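Text of the file model-v4.json, holding JSON, C-alpha atoms:
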[["chain", "number", "residue", "atom", "x", "y", "z"],
["A", 1, "MET", "CA", 0.00, 0.00, 0.00],
["A", 2, "ALA", "CA", 1.31, 3.48, -0.83],
["A", 3, "HIS", "CA", 1.59, 5.77, 2.18],
["A", 4, "ALA", "CA", 2.18, 9.48, 2.66],
["A", 5, "ALA", "CA", 5.46, 10.97, 3.81],
["A", 6, "ILE", "CA", 6.12, 14.53, 4.93],
["A", 7, "TYR", "CA", 9.60, 15.97, 4.63],
["A", 8, "VAL", "CA", 10.24, 18.84, 7.02],
["A", 9, "GLY", "CA", 13.66, 20.14, 6.21],
["A", 10, "PHE", "CA", 14.67, 17.42, 3.78],
["A", 11, "THR", "CA", 17.69, 18.45, 1.70],
["A", 12, "VAL", "CA", 16.81, 19.60, -1.77],
["A", 13, "SER", "CA", 19.83, 17.82, -3.15],
["A", 14, "GLN", "CA", 18.37, 14.47, -2.11],
["A", 15, "LEU", "CA", 15.11, 15.31, -3.82],
["A", 16, "LEU", "CA", 16.98, 16.16, -7.02],
["A", 17, "ARG", "CA", 19.24, 13.11, -6.90],
["A", 18, "GLY", "CA", 16.57, 10.59, -6.27],
["A", 19, "ALA", "CA", 13.23, 11.63, -7.76],
["A", 20, "GLY", "CA", 11.54, 8.26, -8.20],
["A", 21, "ARG", "CA", 14.35, 6.33, -6.51],
["A", 22, "ILE", "CA", 14.74, 7.66, -3.00],
["A", 23, "PHE", "CA", 11.10, 8.08, -2.14],
["A", 24, "PRO", "CA", 9.56, 5.31, -0.10],
["A", 25, "THR", "CA", 6.18, 3.85, -0.79],
["A", 26, "HIS", "CA", 4.79, 6.51, 1.55],
["A", 27, "SER", "CA", 3.49, 9.88, 0.41],
["A", 28, "SER", "CA", 5.90, 12.56, 1.42],
["A", 29, "LEU", "CA", 5.65, 16.13, 2.55],
["A", 30, "VAL", "CA", 8.92, 17.97, 2.81],
["A", 31, "VAL", "CA", 9.23, 21.09, 4.91],
["A", 32, "LEU", "CA", 12.56, 22.62, 4.11],
["A", 33, "ARG", "CA", 14.57, 25.40, 5.73],
["A", 34, "HIS", "CA", 17.46, 26.64, 3.58],
["A", 35, "SER", "CA", 20.53, 25.79, 5.61],
["A", 36, "ALA", "CA", 23.09, 23.01, 5.38],
["A", 37, "PHE", "CA", 23.43, 20.61, 2.50],
["A", 38, "CYS", "CA", 24.57, 17.39, 4.07],
["A", 39, "SER", "CA", 22.63, 14.36, 5.16],
["A", 40, "CYS", "CA", 22.81, 12.05, 8.12],
["A", 41, "THR", "CA", 19.29, 10.89, 8.89],
["A", 42, "VAL", "CA", 18.41, 10.05, 12.47],
["A", 43, "ASN", "CA", 15.26, 9.84, 14.57],
["A", 44, "SER", "CA", 16.24, 11.38, 17.87],
["A", 45, "THR", "CA", 16.14, 14.56, 19.91],
["A", 46, "ILE", "CA", 19.03, 16.99, 19.99],
["A", 47, "LYS", "CA", 20.40, 17.15, 23.53],
["A", 48, "SER", "CA", 24.03, 18.17, 23.40],
["A", 49, "LYS", "CA", 25.00, 21.80, 22.86],
["A", 50, "ARG", "CA", 28.68, 20.95, 22.26],
["A", 51, "LYS", "CA", 29.80, 21.30, 18.69],
["A", 52, "MET", "CA", 30.84, 17.88, 17.40],
["A", 53, "ASP", "CA", 32.81, 17.46, 14.23],
["A", 54, "HIS", "CA", 31.49, 15.56, 11.23],
["A", 55, "LEU", "CA", 33.27, 12.28, 12.00],
["A", 56, "GLU", "CA", 32.00, 12.28, 15.61],
["A", 57, "ARG", "CA", 28.42, 12.91, 14.58],
["A", 58, "THR", "CA", 28.43, 10.17, 11.98],
["A", 59, "ALA", "CA", 30.67, 7.67, 13.78],
["A", 60, "ASN", "CA", 27.96, 5.01, 13.83],
["A", 61, "ASN", "CA", 27.06, 5.38, 10.17],
["A", 62, "PHE", "CA", 28.18, 2.86, 7.60],
["A", 63, "ARG", "CA", 31.03, 3.96, 5.31],
["A", 64, "HIS", "CA", 32.78, 2.50, 2.33],
["A", 65, "GLU", "CA", 36.40, 1.73, 3.15],
["A", 66, "VAL", "CA", 37.85, 3.16, -0.06],
["A", 67, "ILE", "CA", 38.91, 6.83, -0.15],
["A", 68, "SER", "CA", 38.90, 8.10, -3.74],
["A", 69, "GLN", "CA", 40.86, 11.02, -5.19],
["A", 70, "ALA", "CA", 39.09, 13.77, -7.12],
["A", 71, "LYS", "CA", 39.93, 17.05, -8.84],
["A", 72, "VAL", "CA", 37.76, 20.17, -8.86],
["A", 73, "CYS", "CA", 36.68, 20.82, -12.46],
["A", 74, "GLY", "CA", 33.92, 23.37, -11.91],
["A", 75, "ILE", "CA", 32.77, 25.92, -9.31],
["A", 76, "THR", "CA", 29.48, 27.81, -9.60],
["A", 77, "ASN", "CA", 27.48, 30.01, -7.24],
["A", 78, "GLU", "CA", 24.04, 28.54, -6.60],
["A", 79, "SER", "CA", 23.27, 31.52, -4.40],
["A", 80, "GLU", "CA", 25.15, 34.16, -2.41],
["A", 81, "THR", "CA", 25.92, 31.56, 0.26],
["A", 82, "VAL", "CA", 26.09, 28.20, -1.56],
["A", 83, "LYS", "CA", 28.65, 26.96, -4.06],
["A", 84, "ARG", "CA", 28.28, 23.92, -6.29],
["A", 85, "LEU", "CA", 31.47, 21.94, -6.83],
["A", 86, "ARG", "CA", 31.98, 19.69, -9.85],
["A", 87, "LEU", "CA", 34.47, 16.95, -9.10],
["A", 88, "ALA", "CA", 36.16, 14.69, -11.63],
["A", 89, "MET", "CA", 36.59, 11.30, -9.95],
["A", 90, "ALA", "CA", 39.93, 9.57, -10.54],
["A", 91, "ASN", "CA", 38.61, 6.17, -9.48],
["A", 92, "LYS", "CA", 36.48, 4.82, -12.32],
["A", 93, "ASP", "CA", 34.93, 2.27, -9.95],
["A", 94, "PHE", "CA", 33.65, 4.96, -7.56],
["A", 95, "THR", "CA", 29.86, 4.69, -7.18],
["A", 96, "PHE", "CA", 27.12, 6.03, -4.95],
["A", 97, "LYS", "CA", 23.36, 5.73, -4.50],
["A", 98, "ALA", "CA", 20.78, 8.48, -4.40],
["A", 99, "GLY", "CA", 20.58, 9.71, -0.82],
["A", 100, "GLN", "CA", 24.26, 9.36, 0.06],
["A", 101, "TRP", "CA", 26.75, 11.93, 1.33],
["A", 102, "VAL", "CA", 30.54, 11.99, 1.38],
["A", 103, "ASP", "CA", 33.36, 12.51, 3.85],
["A", 104, "PHE", "CA", 35.38, 15.33, 2.27],
["A", 105, "PHE", "CA", 39.16, 15.30, 2.80],
["A", 106, "ILE", "CA", 41.20, 18.43, 1.99],
["A", 107, "PRO", "CA", 45.03, 18.42, 1.89],
["A", 108, "GLY", "CA", 46.32, 20.70, 4.64],
["A", 109, "VAL", "CA", 42.96, 20.88, 6.47],
["A", 110, "SER", "CA", 42.78, 18.58, 9.50],
["A", 111, "VAL", "CA", 38.98, 18.72, 9.84],
["A", 112, "VAL", "CA", 36.98, 16.33, 7.65],
["A", 113, "GLY", "CA", 33.88, 17.78, 5.98],
["A", 114, "GLY", "CA", 30.58, 16.07, 5.28],
["A", 115, "PHE", "CA", 28.59, 17.24, 2.25],
["A", 116, "SER", "CA", 25.54, 16.08, 0.32],
["A", 117, "ILE", "CA", 25.90, 14.82, -3.21],
["A", 118, "CYS", "CA", 23.59, 16.98, -5.33],
["A", 119, "SER", "CA", 24.09, 15.24, -8.67],
["A", 120, "SER", "CA", 22.65, 11.98, -9.92],
["A", 121, "PRO", "CA", 24.40, 8.61, -10.15],
["A", 122, "GLY", "CA", 23.70, 8.87, -13.88],
["A", 123, "LEU", "CA", 26.00, 11.90, -14.26],
["A", 124, "LEU", "CA", 28.80, 9.95, -12.61],
["A", 125, "GLU", "CA", 28.22, 6.96, -14.87],
["A", 126, "ARG", "CA", 28.15, 9.10, -18.03],
["A", 127, "GLU", "CA", 30.85, 11.66, -17.33],
["A", 128, "GLY", "CA", 32.75, 10.57, -14.21],
["A", 129, "ILE", "CA", 31.51, 13.75, -12.49],
["A", 130, "LEU", "CA", 30.09, 14.19, -8.99],
["A", 131, "GLU", "CA", 28.65, 17.45, -7.64],
["A", 132, "LEU", "CA", 28.41, 18.81, -4.09],
["A", 133, "ALA", "CA", 26.44, 21.76, -2.69],
["A", 134, "VAL", "CA", 28.34, 23.56, 0.07],
["A", 135, "LYS", "CA", 26.95, 26.39, 2.19],
["A", 136, "HIS", "CA", 29.37, 29.05, 3.43],
["A", 137, "THR", "CA", 30.18, 28.75, 7.14],
["A", 138, "LEU", "CA", 33.31, 29.17, 9.25],
["A", 139, "HIS", "CA", 33.62, 25.39, 9.57],
["A", 140, "PRO", "CA", 37.07, 24.73, 8.05],
["A", 141, "PRO", "CA", 36.03, 22.47, 5.12],
["A", 142, "ALA", "CA", 33.16, 24.75, 4.06],
["A", 143, "HIS", "CA", 35.32, 27.85, 4.57],
["A", 144, "TRP", "CA", 38.02, 26.31, 2.37],
["A", 145, "VAL", "CA", 35.51, 25.61, -0.40],
["A", 146, "HIS", "CA", 34.36, 29.25, -0.39],
["A", 147, "THR", "CA", 37.71, 30.98, 0.06],
["A", 148, "GLU", "CA", 40.55, 28.78, -1.20],
["A", 149, "CYS", "CA", 39.19, 26.12, -3.53],
["A", 150, "THR", "CA", 40.07, 26.65, -7.20],
["A", 151, "LEU", "CA", 39.85, 24.73, -10.44],
["A", 152, "ASP", "CA", 42.21, 21.73, -10.32],
["A", 153, "SER", "CA", 42.28, 21.67, -6.49],
["A", 154, "GLU", "CA", 42.72, 18.06, -5.39],
["A", 155, "VAL", "CA", 40.56, 16.48, -2.67],
["A", 156, "ALA", "CA", 39.51, 12.99, -1.59],
["A", 157, "LEU", "CA", 36.05, 11.48, -0.94],
["A", 158, "ARG", "CA", 34.57, 8.55, 0.94],
["A", 159, "VAL", "CA", 30.92, 7.60, 0.56],
["A", 160, "GLY", "CA", 28.77, 7.61, 3.71],
["A", 161, "ALA", "CA", 25.34, 6.19, 4.56],
["A", 162, "ASP", "CA", 22.72, 5.80, 1.88],
["A", 163, "LEU", "CA", 18.97, 5.76, 1.60],
["A", 164, "HIS", "CA", 17.26, 2.86, -0.07],
["A", 165, "GLY", "CA", 17.08, 2.89, -3.85],
["A", 166, "TYR", "CA", 13.78, 1.31, -4.57],
["A", 167, "GLN", "CA", 12.32, 1.76, -8.03],
["A", 168, "GLU", "CA", 8.77, 1.45, -9.09],
["A", 169, "GLY", "CA", 8.68, -1.31, -11.64],
["A", 170, "LYS", "CA", 7.03, -4.48, -12.69],
["A", 171, "GLY", "CA", 7.11, -7.43, -10.36],
["A", 172, "ASN", "CA", 8.75, -5.83, -7.32],
["A", 173, "GLY", "CA", 5.56, -4.74, -5.55],
["A", 174, "TYR", "CA", 6.83, -1.19, -5.16],
["A", 175, "LYS", "CA", 4.52, 1.73, -5.80],
["A", 176, "MET", "CA", 5.84, 5.27, -5.66],
["A", 177, "GLY", "CA", 4.06, 7.45, -3.13],
["A", 178, "THR", "CA", 3.66, 11.22, -3.18],
["A", 179, "VAL", "CA", 5.95, 13.99, -1.95],
["A", 180, "LYS", "CA", 4.96, 17.41, -0.69],
["A", 181, "LEU", "CA", 7.85, 19.79, -0.16],
["A", 182, "TYR", "CA", 7.66, 22.86, 2.08],
["A", 183, "TYR", "CA", 10.82, 24.87, 1.48],
["A", 184, "SER", "CA", 11.61, 28.07, 3.42],
["A", 185, "ALA", "CA", 14.37, 30.61, 2.77],
["A", 186, "LYS", "CA", 15.06, 34.30, 3.28],
["A", 187, "ASN", "CA", 14.20, 35.17, -0.31],
["A", 188, "THR", "CA", 13.77, 33.51, -3.69],
["A", 189, "SER", "CA", 17.46, 33.89, -4.57],
["A", 190, "GLU", "CA", 18.22, 31.54, -1.66],
["A", 191, "LEU", "CA", 15.76, 28.89, -2.89],
["A", 192, "LEU", "CA", 18.42, 26.62, -4.31],
["A", 193, "PHE", "CA", 17.65, 24.33, -7.25],
["A", 194, "LYS", "CA", 14.22, 25.92, -7.63],
["A", 195, "LYS", "CA", 14.22, 25.40, -11.41],
["A", 196, "ASN", "CA", 15.08, 21.74, -10.93],
["A", 197, "ILE", "CA", 12.27, 21.37, -8.40],
["A", 198, "LEU", "CA", 9.76, 22.97, -10.76],
["A", 199, "GLY", "CA", 11.01, 20.56, -13.43],
["A", 200, "LEU", "CA", 10.35, 17.60, -11.13],
["A", 201, "MET", "CA", 6.86, 18.88, -10.43],
["A", 202, "ASN", "CA", 6.20, 18.94, -14.17],
["A", 203, "ALA", "CA", 7.79, 15.52, -14.67],
["A", 204, "PHE", "CA", 5.78, 13.90, -11.84],
["A", 205, "PRO", "CA", 2.41, 15.70, -11.81],
["A", 206, "GLY", "CA", 0.41, 14.77, -8.74],
["A", 207, "LYS", "CA", 3.38, 12.92, -7.25],
["A", 208, "ILE", "CA", 5.66, 15.85, -6.34],
["A", 209, "THR", "CA", 4.42, 19.26, -5.23],
["A", 210, "CYS", "CA", 6.30, 22.17, -3.67],
["A", 211, "HIS", "CA", 5.34, 25.16, -1.54],
["A", 212, "PHE", "CA", 8.10, 27.79, -1.30],
["A", 213, "HIS", "CA", 8.10, 30.17, 1.67],
["A", 214, "VAL", "CA", 10.13, 33.41, 1.84],
["A", 215, "THR", "CA", 10.55, 35.44, 5.01],
["A", 216, "GLN", "CA", 12.45, 38.57, 3.86],
["A", 217, "GLN", "CA", 11.57, 39.04, 0.21],
["A", 218, "ARG", "CA", 12.39, 42.57, -0.98],
["A", 219, "SER", "CA", 12.25, 42.18, -4.75],
["A", 220, "HIS", "CA", 9.60, 41.15, -7.25],
["A", 221, "ILE", "CA", 8.88, 37.41, -7.45],
["A", 222, "CYS", "CA", 9.17, 36.09, -11.00],
["A", 223, "LYS", "CA", 6.03, 34.92, -12.76],
["A", 224, "GLU", "CA", 7.17, 31.30, -12.89],
["A", 225, "LEU", "CA", 7.53, 31.10, -9.10],
["A", 226, "GLN", "CA", 4.57, 33.23, -8.05],
["A", 227, "PRO", "CA", 1.98, 30.39, -7.94],
["A", 228, "HIS", "CA", 4.23, 28.40, -5.60],
["A", 229, "VAL", "CA", 5.49, 31.12, -3.22],
["A", 230, "THR", "CA", 4.01, 32.22, 0.11],
["A", 231, "GLU", "CA", 5.47, 35.09, 2.10],
["A", 232, "GLY", "CA", 5.97, 34.13, 5.74],
["A", 233, "ARG", "CA", 7.20, 31.14, 7.70],
["A", 234, "ILE", "CA", 5.93, 27.59, 7.40],
["A", 235, "SER", "CA", 3.13, 27.35, 9.98],
["A", 236, "ALA", "CA", 1.14, 24.74, 11.86],
["A", 237, "LYS", "CA", -1.79, 25.55, 9.59],
["A", 238, "ASP", "CA", 0.31, 24.54, 6.57],
["A", 239, "LEU", "CA", 1.24, 21.19, 8.07],
["A", 240, "GLU", "CA", -1.81, 20.04, 10.00],
["A", 241, "LYS", "CA", -3.84, 19.33, 6.87],
["A", 242, "HIS", "CA", -1.33, 16.62, 5.95],
["A", 243, "VAL", "CA", -1.45, 14.70, 9.23],
["A", 244, "SER", "CA", -2.55, 11.10, 8.76],
["A", 245, "LYS", "CA", -1.55, 7.63, 9.92],
["A", 246, "ASP", "CA", 0.10, 7.00, 6.55],
["A", 247, "THR", "CA", 2.30, 10.11, 6.51],
["A", 248, "LEU", "CA", 6.03, 10.19, 7.21],
["A", 249, "TRP", "CA", 7.74, 13.49, 8.05],
["A", 250, "TYR", "CA", 11.33, 14.46, 7.24],
["A", 251, "ILE", "CA", 12.92, 17.61, 8.67],
["A", 252, "CYS", "CA", 16.08, 19.45, 7.67],
["A", 253, "GLY", "CA", 17.40, 22.75, 8.96],
["A", 254, "PRO", "CA", 19.24, 24.31, 11.90],
["A", 255, "PRO", "CA", 18.63, 22.73, 15.35],
["A", 256, "PRO", "CA", 16.10, 25.33, 16.61],
["A", 257, "MET", "CA", 13.99, 24.80, 13.49],
["A", 258, "ILE", "CA", 14.18, 21.01, 13.80],
["A", 259, "GLU", "CA", 13.21, 21.11, 17.47],
["A", 260, "SER", "CA", 10.38, 23.58, 16.82],
["A", 261, "VAL", "CA", 8.83, 21.57, 13.99],
["A", 262, "SER", "CA", 9.29, 18.28, 15.89],
["A", 263, "LYS", "CA", 7.40, 19.76, 18.85],
["A", 264, "LEU", "CA", 4.75, 21.12, 16.50],
["A", 265, "LEU", "CA", 4.20, 17.68, 14.98],
["A", 266, "SER", "CA", 4.11, 16.04, 18.41],
["A", 267, "ASN", "CA", 1.38, 18.48, 19.48],
["A", 268, "MET", "CA", -0.55, 17.48, 16.35],
["A", 269, "GLY", "CA", -0.43, 13.85, 17.43],
["A", 270, "VAL", "CA", 2.19, 12.67, 14.92],
["A", 271, "PRO", "CA", 3.94, 9.58, 16.38],
["A", 272, "ARG", "CA", 7.62, 10.05, 17.07],
["A", 273, "ASN", "CA", 8.54, 7.05, 14.89],
["A", 274, "CYS", "CA", 7.02, 8.84, 11.89],
["A", 275, "VAL", "CA", 9.32, 11.86, 12.22],
["A", 276, "PHE", "CA", 12.87, 11.83, 10.85],
["A", 277, "PHE", "CA", 15.44, 14.61, 10.75],
["A", 278, "GLU", "CA", 19.08, 15.34, 10.07],
["A", 279, "LYS", "CA", 21.35, 15.89, 13.06],
["A", 280, "TRP", "CA", 24.24, 17.67, 11.48],
["A", 281, "TRP", "CA", 25.50, 20.39, 13.82]]
As structure tokens, the full file:
Amino acid sequence: MAHAAIYVGFTVSQLLRGAGRIFPTHSSLVVLRHSAFCSCTVNSTIKSKRKMDHLERTANNFRHEVISQAKVCGITNESETVKRLRLAMANKDFTFKAGQWVDFFIPGVSVVGGFSICSSPGLLEREGILELAVKHTLHPPAHWVHTECTLDSEVALRVGADLHGYQEGKGNGYKMGTVKLYYSAKNTSELLFKKNILGLMNAFPGKITCHFHVTQQRSHICKELQPHVTEGRISAKDLEKHVSKDTLWYICGPPPMIESVSKLLSNMGVPRNCVFFEKWW
């Protein structure tokens, strides 16, 4: 039976990578806060205020043993705060599944980064290219990407945990559910991959829908986005209409946002085992 799944703060890069692959048989509603672009899914409350590094936070997650070399072959600005890196993989046997992230090793930087893969496995198969979306912070790996990384910079990657890669097809009993994405940012320029998301909505009508929220919009909203944009934060009123026993909820964003939405869902009667979020800071 197909169920519903709600994603509250699910990384856009996972949505783009997976489309029909990463979604479970549940319907999905994603409520997204523009923030980090890495993924380590857990179902737990955030208790510690101490800043842990990436390897500490993901110590219990499965990893591939092989560390593969890569060279930066493209750098583009997705927004004022996020860069997209194109990496040419030296290891031709390097593979990943939709939903995975990588440990990111930088020569001369002792701290290991953890970033989401925002390209598809198909791009890697065709061109040997992998892409990462990295938000600017003072965390050493992210800071290096935004201030020191250049074309031909050499780095190394190791694949982390993955989501399942089910496909809807004949004979496997799998039926793709639906996804509803709620995505909040300061303004439309910070709504990363918005064109890709609109493309997915057109490619999967009735299966994928998106509601963009902007909190500090100062400029005109383009005609293409206008039908999908609401000014103001994602509210309880937005989410409560999607509550059902068949709905799963996925949250991504900074800790206060995750805790706030988790509490909101609890007050709506959503069982804790139906709520998943990324614990990344």
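Closest approach to Glu148 (chain A) among A:Leu191, A:Ile234, A:Ile221, A:Val72: A:Val72, based on all atoms listed in the file.
Between Ser262 (chain A) and the residues A:Ala236, A:Lys241, A:Val112, A:Pro141, the shortest atom-to-atom distance, using all atoms listed in the file, involves A:Ala236.
Rounded to one decimal, CA of Val179 (chain A) and CA of Cys210 (chain A) lie 8.4 Å from each other.
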List the neighbours of Thr137 (chain A) out to 10 Å using only C-alpha atoms; skip same-chain residues closer than 3 positions along the sequence, and give me the result as a PDB file with C-alpha atoms, keeping the file's coordinate frame.
ATOM      1  CA  ALA A  36      23.090  23.010   5.380  1.00  0.00           C
ATOM      2  CA  THR A  81      25.920  31.560   0.260  1.00  0.00           C
ATOM      3  CA  VAL A  82      26.090  28.200  -1.560  1.00  0.00           C
ATOM      4  CA  VAL A 134      28.340  23.560   0.070  1.00  0.00           C
ATOM      5  CA  PRO A 140      37.070  24.730   8.050  1.00  0.00           C
ATOM      6  CA  PRO A 141      36.030  22.470   5.120  1.00  0.00           C
ATOM      7  CA  ALA A 142      33.160  24.750   4.060  1.00  0.00           C
ATOM      8  CA  HIS A 143      35.320  27.850   4.570  1.00  0.00           C
ATOM      9  CA  TRP A 144      38.020  26.310   2.370  1.00  0.00           C
ATOM     10  CA  VAL A 145      35.510  25.610  -0.400  1.00  0.00           C
ATOM     11  CA  HIS A 146      34.360  29.250  -0.390  1.00  0.00           C
TER      12      HIS A 146
END
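Remark: for Glu190 (chain A), the closest of the candidate residues A:Pro107, A:Gly206, A:Leu151, A:His213 is A:His213 (distances computed over all atoms listed in the file).
Atom to atom, CA of Cys252 (chain A) and CA of Leu124 (chain A) stand 25.8 Å apart.
Note that the spacing between CA of Val275 (chain A) and CA of Phe115 (chain A) amounts to 22.4 Å.
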What's around Arg158 (chain A) at 7 Å? Count only C-alpha atoms, leave out sequence neighbours fewer than 5 positions away in its own chain, and write the answer as a PyMOL selection string. chain A and resi 64+66-68+102-104
Nearest candidate to Leu85 (chain A) (options A:Leu123, A:Lys97, A:Leu132, A:Pro254; using only C-alpha atoms): A:Leu132
For Pro271 (chain A), please output as a PyMOL selection string all residues within 12 Å (counting all atoms listed in the file; exclusion window: fewer than 4 positions along the same chain). chain A and resi 43+243-249+262-267+275-276
Val229 (chain A) surroundings by all atoms listed in the file, 10 Å radius, close-in-sequence under 6 positions cut, as number ranges by chain: A: 183-184, 188, 210-214, 221-222
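Applying the 12 Å criterion to (25.0, 4.8, -13.6) in file coordinates and using all atoms listed in the file, one obtains the residues A:Lys92, A:Asp93, A:Phe94, A:Thr95, A:Phe96, A:Lys97, A:Ala98, A:Ser119, A:Ser120, A:Pro121, A:Gly122, A:Leu123, A:Leu124, A:Glu125, A:Arg126, A:Glu127, A:Gly128, A:Ile129, A:Leu130.
Closest approach to Met268 (chain A) among A:Ile251, A:Ala88, A:Thr147, A:Lys237: A:Lys237, based on all atoms listed in the file.
Among the candidates A:Glu80, A:Tyr250, A:Ala70, A:Arg86, the one nearest to Asn273 (chain A) when counting only C-alpha atoms is A:Tyr250.
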